[in-house]
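Here is the structure we will look at, set down as structure tokens.
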Amino acid sequence: MNTNDWLQLALFIGLLALITKPLGIYLTKVLDPAGKTPLDRVLRPVERLSYRLMGVDPSREQGWKSYTVAMLVFSAVGVLFTYAILRLQHLLPLNPQGLPGLAPALAFNTAVSFTTNTNWQSYGGEGTMSYFSQMVGLAIHNFTSAAVGISIAAALVRGIARHSASTLGNFWVDVTRTTLYLLLPVCLIFAVFLVSQGMIQNFKPYETAKLVEAITVPGQDPVTEQTIAQGPMASQIAIKMLGTNGGGFTNANAAQPFENPTPLSNFIQMLSIFAIGSALTYYLGRMTRNQGHGWTVWSAMMLMFVAAVLTCWWAEAHGNPVHHALGVSVADGNMEGKEVRFGIFNSSLFATTTTAASCGAVNSMHDSFTAFGGLVPLFLMELGEVVIGGVGAGLYGMIVFVVLAVFIAGLMVGRTPEYLGKKIQAYDVKMCMLALLVLTASILGFTAWAAVSAWGQAGLNNGGPHGFSEILYAYSSATGNNGSAFAGLTATPADGDMHYNVTLGIAMLIGRFLMIIPIMALAGSMLKKKVSPPSAGTFPVSGVTFTVLLIGTVLLIGALNFLPALALGPIVEHFLMLNGQLF
Amino acid sequence: MKSALSQIRPAIVSTLVFAVICCGLYPLAVTGIARTAFAKQADGSLITDKHGTVIGSSLLGQNFCGDRYFHPRPSAAGANGYDAASSGGSNLGPTSRKLADQIKERVAAYRSINGLAENQPVPADAVTASGSGLDPHISPANAMLQASRVAKARGLALPTVESLIVRNTDKAAFGLIGEDGVNVLKLNLALDSLSTDGR
């Protein structure tokens with residue numbers, strides 16, 4: 001933990017703070033159907049043409065039910081679209097490796113995974129997916145699932161900002177404008193930058209290199225060649241990061257050198273994971289005419305983030321005493337599963353960022369982290385990914401906690417809780433609790449089932465408590481729509497057992513849609529309410545007190561729900577590791 | 001139900017519209033710009049020998065075992081390591097016996113190959129597998145410990161080899177972001193072009 005690392009952490013948070021306001025202001029223009037942007041000259045005609053083809057009247061706003069139904073239908077079509085492409089991969093173009101179509105369970109898991117912005121990889125990228133599947137079947141969701149998340153967040157914020165109203169925007173307009181004005185232009189620049197760093201962008205078949213030194217393998221012919229995976233990678237990675245998707249082009253994701261060639265590409269990728277989620281807190285402040293509230297939410301997120309980074313970084317820098325005893329240099333930390341160009345710090349920062357947001361890209365193998373180093377990403381996902389969070393999903397998740405914090409504060413001082421002048425009533429709190437309990441039930445329920453089943457244990461790569469952690473991580477990641485993994489877990493076993501792929505797919509659907517529906521109901525309820533003018537008894541939702549209260553609420557609920565499960569996994573493993581107990 | 005049916009047309013049409021724009025025009029635009037501005041990178045930063053044969057990528061590690069070469073990190077990519085069509089790590093956890101056994105074996109091998117003392121600590125990157133299994137780098141400390149072995153095997157002076165290590169180190173960005181790493185493939189190729197004595 002040297003000075004350079006501390007400077008990088010400061011630089012990361014400083015740059016994030018700097019881009020939050022300008023990007024937030026741009027977001028308010030994108031999410032306003034009449035908003036003016038510098039790109040209007042090029043994109044307005046495309047936007048208008050899209051509405052005409054869709055048969056959508058952009059001036060007609062929707063109520064919360066209609067908005068939600070539109071989102072559900074759009075997502076259902078998206079799942080079917082990708083399922084069909086993956087199953088029929090062998091018949092479709094851009095498949096120079098001649099890869100076969102995917103099995104039904106794997107195609108279902110993958111289609112759901114990308115539609116829900118999870119991007120869990122049950123498949124090995126370069127060995128399973130044709131360029132067409134990557135570029136169309138998967139990449140379309142990198143854009144649309146991100147746009148859906150941002151739209152839902154915008155709808156919820158409008159529900160809070162408007163009063164005595166009945167509509168909260170038009171889903172088709174929000175999705176279209178977010179994709180065209182926000183995601184596409186940023187990705188275009190970002191992708192070109194990534195290529196400049198060494199990321200590949202081509203449609204060539206895999207390259208064969210003649211090795212400099214042939215490698216002898218006992219009992220086999222010597223290895224003389226290296227097959228190098230190729231493909232249109234940069235265009236996909238740009239949106240994978242910006243849209244907090246995280247589904248890798250290659251199996252090793254952002255650890256693979258083409259997919260993350262330099263420390264600089266790594267740093268900008270981490271910033272891009274947080275960019276939109278961070279800007280959305282500014283959007284919240286701007287729309288509710290209470291910028292202090294937006295920054296308060298941002299500060300609460302950042303404080304939790306810094307605490308998480310420090311814990312993970314500390315654990316990884318201290319390394320593994322078991323390995324130290326074998327002669328590994330103590331000063332180097334835990335390098336298993338990490339890349340030299342990123343080292344301990346940038347691997348820990350990436351792991352924390354990707355799980356604080358619901359990105360799920362990895363630049364190091366979380367499965368090989370130390371016990372506490374691995375606990376941090378796991379716990380961040382279980383908190384609901386509200387520390388910046390996924391694009392849109394982080395903000396709407398955090399607003400649930402804001403409402404609960406206001407409710408708890410109201411109970412403590414004995415007044416009717418009010419959020420920005422609106423009374424929080426039983427219905428609102430029920431919807432918030434429903435959104436959170438659904439997540440908890442899915443994570444713990446599926447984990448318990450897998451942990452006691454033969455199919456669940458068959459997929460493990462590690463024994464002892466670490467094996468349990470692999471299962472817990474999988475369902476936390478799927479339910480949280482994160483997509484990172486303790487990747488030793490084999491969800492697609494050779495014997496064709498479908499349990500993991502199907503249950504993980506269901507967990508992703510629960511985590512996405514059963515969370516969004518109560519949140520949209522909350523938006524609909526808030527929308528109708530009248531605003532009462534602030535009085536001496538109004539609880540302020542900006543400032544230090546509320547920051548502390550909000551953090552307390554998030555941690556309290558997270559800890560109550562998940563500490564018992566964590567004690568069986570990473571916590572007990574930590575003490576076993578210190579004792580040198582191996583499995 | 002009626003309202004759901006009325007959303008089917010926009011759902012299907014918008015999926016197709018986004019497919020054309022985000023999955024057709026956008027990647028083609030990126031490819032066009034990339035091929036114009038950064039053709040070498042877009043193709044995978046490939047290295048060719050004097051006959052034009054591709055012998056690797058400067059971004060991807062290759063395995064080296066001989067005394068005359070610097071050795072890369074252990075790799076868990078593919079059956080024999082460094083399979084650039086099957087990237088991945090070991091995914092072995094902190095209390096894995098298999099991992100501890102592997103590390104024990106690698107520590108012993110590293111010390112004996114490079115002539116280190118029995119109790120000398122070994123750089124972590126030399127005995128652990130990377131996340132991708134294709135890590136092109138080793139740490140500068142790791143390279144320096146291998147330098148005298150390589151110098152001896154090639155009959156070169158130690159300072160010559162050490163200066164090649166420095167020249168083939170990819171630096172942290174702006175001296176701040178990320179870590180210095182010695183590019184093993186580039187370093188070994190530089191060694192080969194230096195000593196033309198054949199094998």
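Going by the structure tokens order, chains are called A, B, ..., each with residues numbered from 1, while ligands are numbered from 1 in the order shown.
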(request) Give me every helix (DSSP H, G or I) residue in stretch 358-463 of chain A, going by DSSP on the backbone, as a VMD selection string. (result) chain A and resid 366 to 368 371 to 382 393 to 413 426 to 451 454 to 458
Kindly save the residues from that selection, with C-alpha atoms included, as a compact mmCIF listing (two decimals), in the first residue's frame.
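out.txt, written as the output of this step:
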# COMPACT_ATOMS: atom_id res chain seq x y z
CA HIS A 366 -11.99 -13.08 -7.63
CA ASP A 367 -12.06 -16.79 -6.83
CA SER A 368 -8.34 -16.62 -6.03
CA ALA A 371 -10.82 -14.65 2.12
CA PHE A 372 -11.48 -11.01 3.04
CA GLY A 373 -10.42 -9.75 -0.37
CA GLY A 374 -13.17 -11.95 -1.84
CA LEU A 375 -15.67 -11.01 0.85
CA VAL A 376 -15.71 -7.38 -0.29
CA PRO A 377 -17.06 -7.97 -3.81
CA LEU A 378 -19.48 -10.54 -2.45
CA PHE A 379 -20.89 -8.21 0.21
CA LEU A 380 -21.12 -5.25 -2.20
CA MET A 381 -23.35 -7.31 -4.49
CA GLU A 382 -25.47 -8.42 -1.57
CA ALA A 393 -30.25 0.14 -11.28
CA GLY A 394 -27.87 1.63 -8.73
CA LEU A 395 -29.89 4.78 -8.37
CA TYR A 396 -33.30 3.15 -8.18
CA GLY A 397 -31.89 0.65 -5.68
CA MET A 398 -30.42 3.44 -3.61
CA ILE A 399 -33.68 5.42 -3.64
CA VAL A 400 -35.33 2.40 -2.00
CA PHE A 401 -32.83 2.77 0.83
CA VAL A 402 -33.38 6.55 0.91
CA VAL A 403 -37.09 6.00 1.42
CA LEU A 404 -36.39 3.45 4.15
CA ALA A 405 -33.88 5.79 5.82
CA VAL A 406 -36.47 8.58 5.81
CA PHE A 407 -39.02 6.14 7.22
CA ILE A 408 -36.70 4.99 10.01
CA ALA A 409 -35.79 8.59 10.85
CA GLY A 410 -39.48 9.46 10.97
CA LEU A 411 -40.13 6.63 13.39
CA MET A 412 -37.24 7.71 15.57
CA VAL A 413 -38.44 11.30 15.94
CA ALA A 426 -47.39 2.12 4.47
CA TYR A 427 -47.80 1.24 0.78
CA ASP A 428 -44.51 2.90 -0.14
CA VAL A 429 -42.56 1.17 2.61
CA LYS A 430 -44.13 -2.17 1.67
CA MET A 431 -43.00 -1.76 -1.94
CA CYS A 432 -39.47 -0.92 -0.79
CA MET A 433 -39.30 -3.94 1.50
CA LEU A 434 -40.69 -6.17 -1.23
CA ALA A 435 -37.94 -5.06 -3.62
CA LEU A 436 -35.27 -5.87 -1.04
CA LEU A 437 -36.73 -9.10 0.32
CA VAL A 438 -37.11 -10.57 -3.15
CA LEU A 439 -33.36 -10.20 -3.63
CA THR A 440 -32.52 -11.73 -0.26
CA ALA A 441 -34.88 -14.66 -0.74
CA SER A 442 -33.44 -15.41 -4.17
CA ILE A 443 -29.80 -15.25 -3.06
CA LEU A 444 -30.16 -17.24 0.14
CA GLY A 445 -32.83 -19.64 -1.11
CA PHE A 446 -30.98 -20.75 -4.23
CA THR A 447 -27.66 -20.88 -2.36
CA ALA A 448 -29.13 -23.15 0.29
CA TRP A 449 -30.65 -25.43 -2.33
CA ALA A 450 -27.44 -25.72 -4.35
CA ALA A 451 -25.28 -26.19 -1.25
CA ALA A 454 -25.39 -33.12 -5.58
CA TRP A 455 -25.69 -30.92 -8.68
CA GLY A 456 -24.65 -27.91 -6.65
CA GLN A 457 -21.56 -29.51 -5.20
CA ALA A 458 -20.55 -31.14 -8.47
(request) Can you pull out every residue within 7 Å of stretch 490-502 of chain A, counting only C-alpha atoms, but drop anything in the same chain fewer than 6 positions away, and send it as a PyMOL selection string? (result) chain A and resi 105-106+109+122+455+459-460
Export N, CA, C and O atoms of the chosen residues as a PDB file, in the first residue's frame?
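This is the output file selection_12.pdb:
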ATOM      1  N   ALA A 105     -30.215 -24.942 -22.446  1.00  0.00           N
ATOM      2  CA  ALA A 105     -30.060 -24.347 -21.116  1.00  0.00           C
ATOM      3  C   ALA A 105     -29.035 -23.223 -21.135  1.00  0.00           C
ATOM      4  O   ALA A 105     -29.224 -22.168 -20.520  1.00  0.00           O
ATOM      5  N   LEU A 106     -27.968 -23.434 -21.885  1.00  0.00           N
ATOM      6  CA  LEU A 106     -26.925 -22.410 -21.955  1.00  0.00           C
ATOM      7  C   LEU A 106     -27.423 -21.188 -22.730  1.00  0.00           C
ATOM      8  O   LEU A 106     -27.153 -20.037 -22.350  1.00  0.00           O
ATOM      9  N   ASN A 109     -29.799 -19.317 -20.390  1.00  0.00           N
ATOM     10  CA  ASN A 109     -29.033 -18.610 -19.367  1.00  0.00           C
ATOM     11  C   ASN A 109     -28.379 -17.362 -19.955  1.00  0.00           C
ATOM     12  O   ASN A 109     -28.438 -16.275 -19.367  1.00  0.00           O
ATOM     13  N   SER A 122     -21.790 -18.099 -18.537  1.00  0.00           N
ATOM     14  CA  SER A 122     -21.743 -19.550 -18.378  1.00  0.00           C
ATOM     15  C   SER A 122     -20.965 -20.174 -19.519  1.00  0.00           C
ATOM     16  O   SER A 122     -20.678 -21.353 -19.515  1.00  0.00           O
ATOM     17  N   TRP A 455     -26.017 -31.744  -7.499  1.00  0.00           N
ATOM     18  CA  TRP A 455     -25.689 -30.923  -8.683  1.00  0.00           C
ATOM     19  C   TRP A 455     -24.960 -29.652  -8.282  1.00  0.00           C
ATOM     20  O   TRP A 455     -24.125 -29.154  -9.024  1.00  0.00           O
ATOM     21  N   GLY A 459     -20.365 -28.823  -9.220  1.00  0.00           N
ATOM     22  CA  GLY A 459     -19.772 -27.755 -10.025  1.00  0.00           C
ATOM     23  C   GLY A 459     -18.619 -27.035  -9.364  1.00  0.00           C
ATOM     24  O   GLY A 459     -18.037 -26.130  -9.945  1.00  0.00           O
ATOM     25  N   LEU A 460     -18.257 -27.431  -8.125  1.00  0.00           N
ATOM     26  CA  LEU A 460     -17.280 -26.641  -7.370  1.00  0.00           C
ATOM     27  C   LEU A 460     -15.853 -26.910  -7.814  1.00  0.00           C
ATOM     28  O   LEU A 460     -15.496 -28.003  -8.218  1.00  0.00           O
TER      29      LEU A 460
END
Could you build a table of the residues in stretch 39-78 of chain B lying no more than 7 Å from stretch 82-87 of chain B, giving for each the nearest pair of atoms and their separation in Å rounded to one decimal place, using only C-alpha atoms, ordered by chain and ascending residue number, as CSV?
residue,atom,partner,partner_atom,distance
B:Gly61,CA,B:Tyr82,CA,6.6
B:Gln62,CA,B:Tyr82,CA,5.7
B:Asn63,CA,B:Tyr82,CA,6.3
B:Ser75,CA,B:Tyr82,CA,6.0
B:Ala77,CA,B:Ser87,CA,4.9
B:Gly78,CA,B:Asp83,CA,5.1
Grab the residues selected above and save them as a compact mmCIF listing (two decimals), in the first residue's frame with all heavy atoms.
# COMPACT_ATOMS: atom_id res chain seq x y z
N GLY B 61 1.41 -13.31 -23.68
CA GLY B 61 2.55 -14.10 -23.25
C GLY B 61 2.66 -15.40 -24.03
O GLY B 61 1.69 -15.89 -24.61
N GLN B 62 3.88 -15.95 -24.09
CA GLN B 62 4.12 -17.29 -24.64
C GLN B 62 4.93 -18.04 -23.62
O GLN B 62 5.60 -17.44 -22.80
CB GLN B 62 4.96 -17.21 -25.92
CG GLN B 62 4.23 -16.74 -27.13
CD GLN B 62 5.12 -16.77 -28.38
OE1 GLN B 62 6.19 -17.35 -28.37
NE2 GLN B 62 4.64 -16.14 -29.42
N ASN B 63 4.88 -19.35 -23.73
CA ASN B 63 5.66 -20.13 -22.78
C ASN B 63 7.13 -20.22 -23.24
O ASN B 63 7.40 -20.32 -24.43
CB ASN B 63 5.07 -21.54 -22.65
CG ASN B 63 5.25 -22.06 -21.25
OD1 ASN B 63 6.02 -21.49 -20.47
ND2 ASN B 63 4.56 -23.13 -20.93
N SER B 75 0.93 -20.51 -16.13
CA SER B 75 -0.32 -20.17 -16.81
C SER B 75 -1.35 -21.28 -16.68
O SER B 75 -1.02 -22.46 -16.75
CB SER B 75 -0.04 -19.92 -18.29
OG SER B 75 -1.24 -19.97 -19.03
N ALA B 77 -4.10 -21.16 -18.72
CA ALA B 77 -4.91 -21.06 -19.94
C ALA B 77 -4.71 -22.30 -20.81
O ALA B 77 -3.62 -22.54 -21.30
CB ALA B 77 -4.53 -19.80 -20.72
N GLY B 78 -5.76 -23.07 -20.97
CA GLY B 78 -5.69 -24.26 -21.80
C GLY B 78 -4.92 -25.38 -21.09
O GLY B 78 -4.43 -25.21 -19.98
(request) Find, counting only C-alpha atoms, the residue in A:Ile85, A:Val322, A:Leu550, A:Leu349 that gets nearest to chain B. (result) A:Val322
(message) Please list as a PyMOL selection string every residue within 9 Å of stretch 167-174 of chain B, counting only C-alpha atoms and excluding residues in the same chain fewer than 5 positions away.
(response) (chain A and resi 262-264+341) or (chain B and resi 137+140+162+179-184+186-187+190)
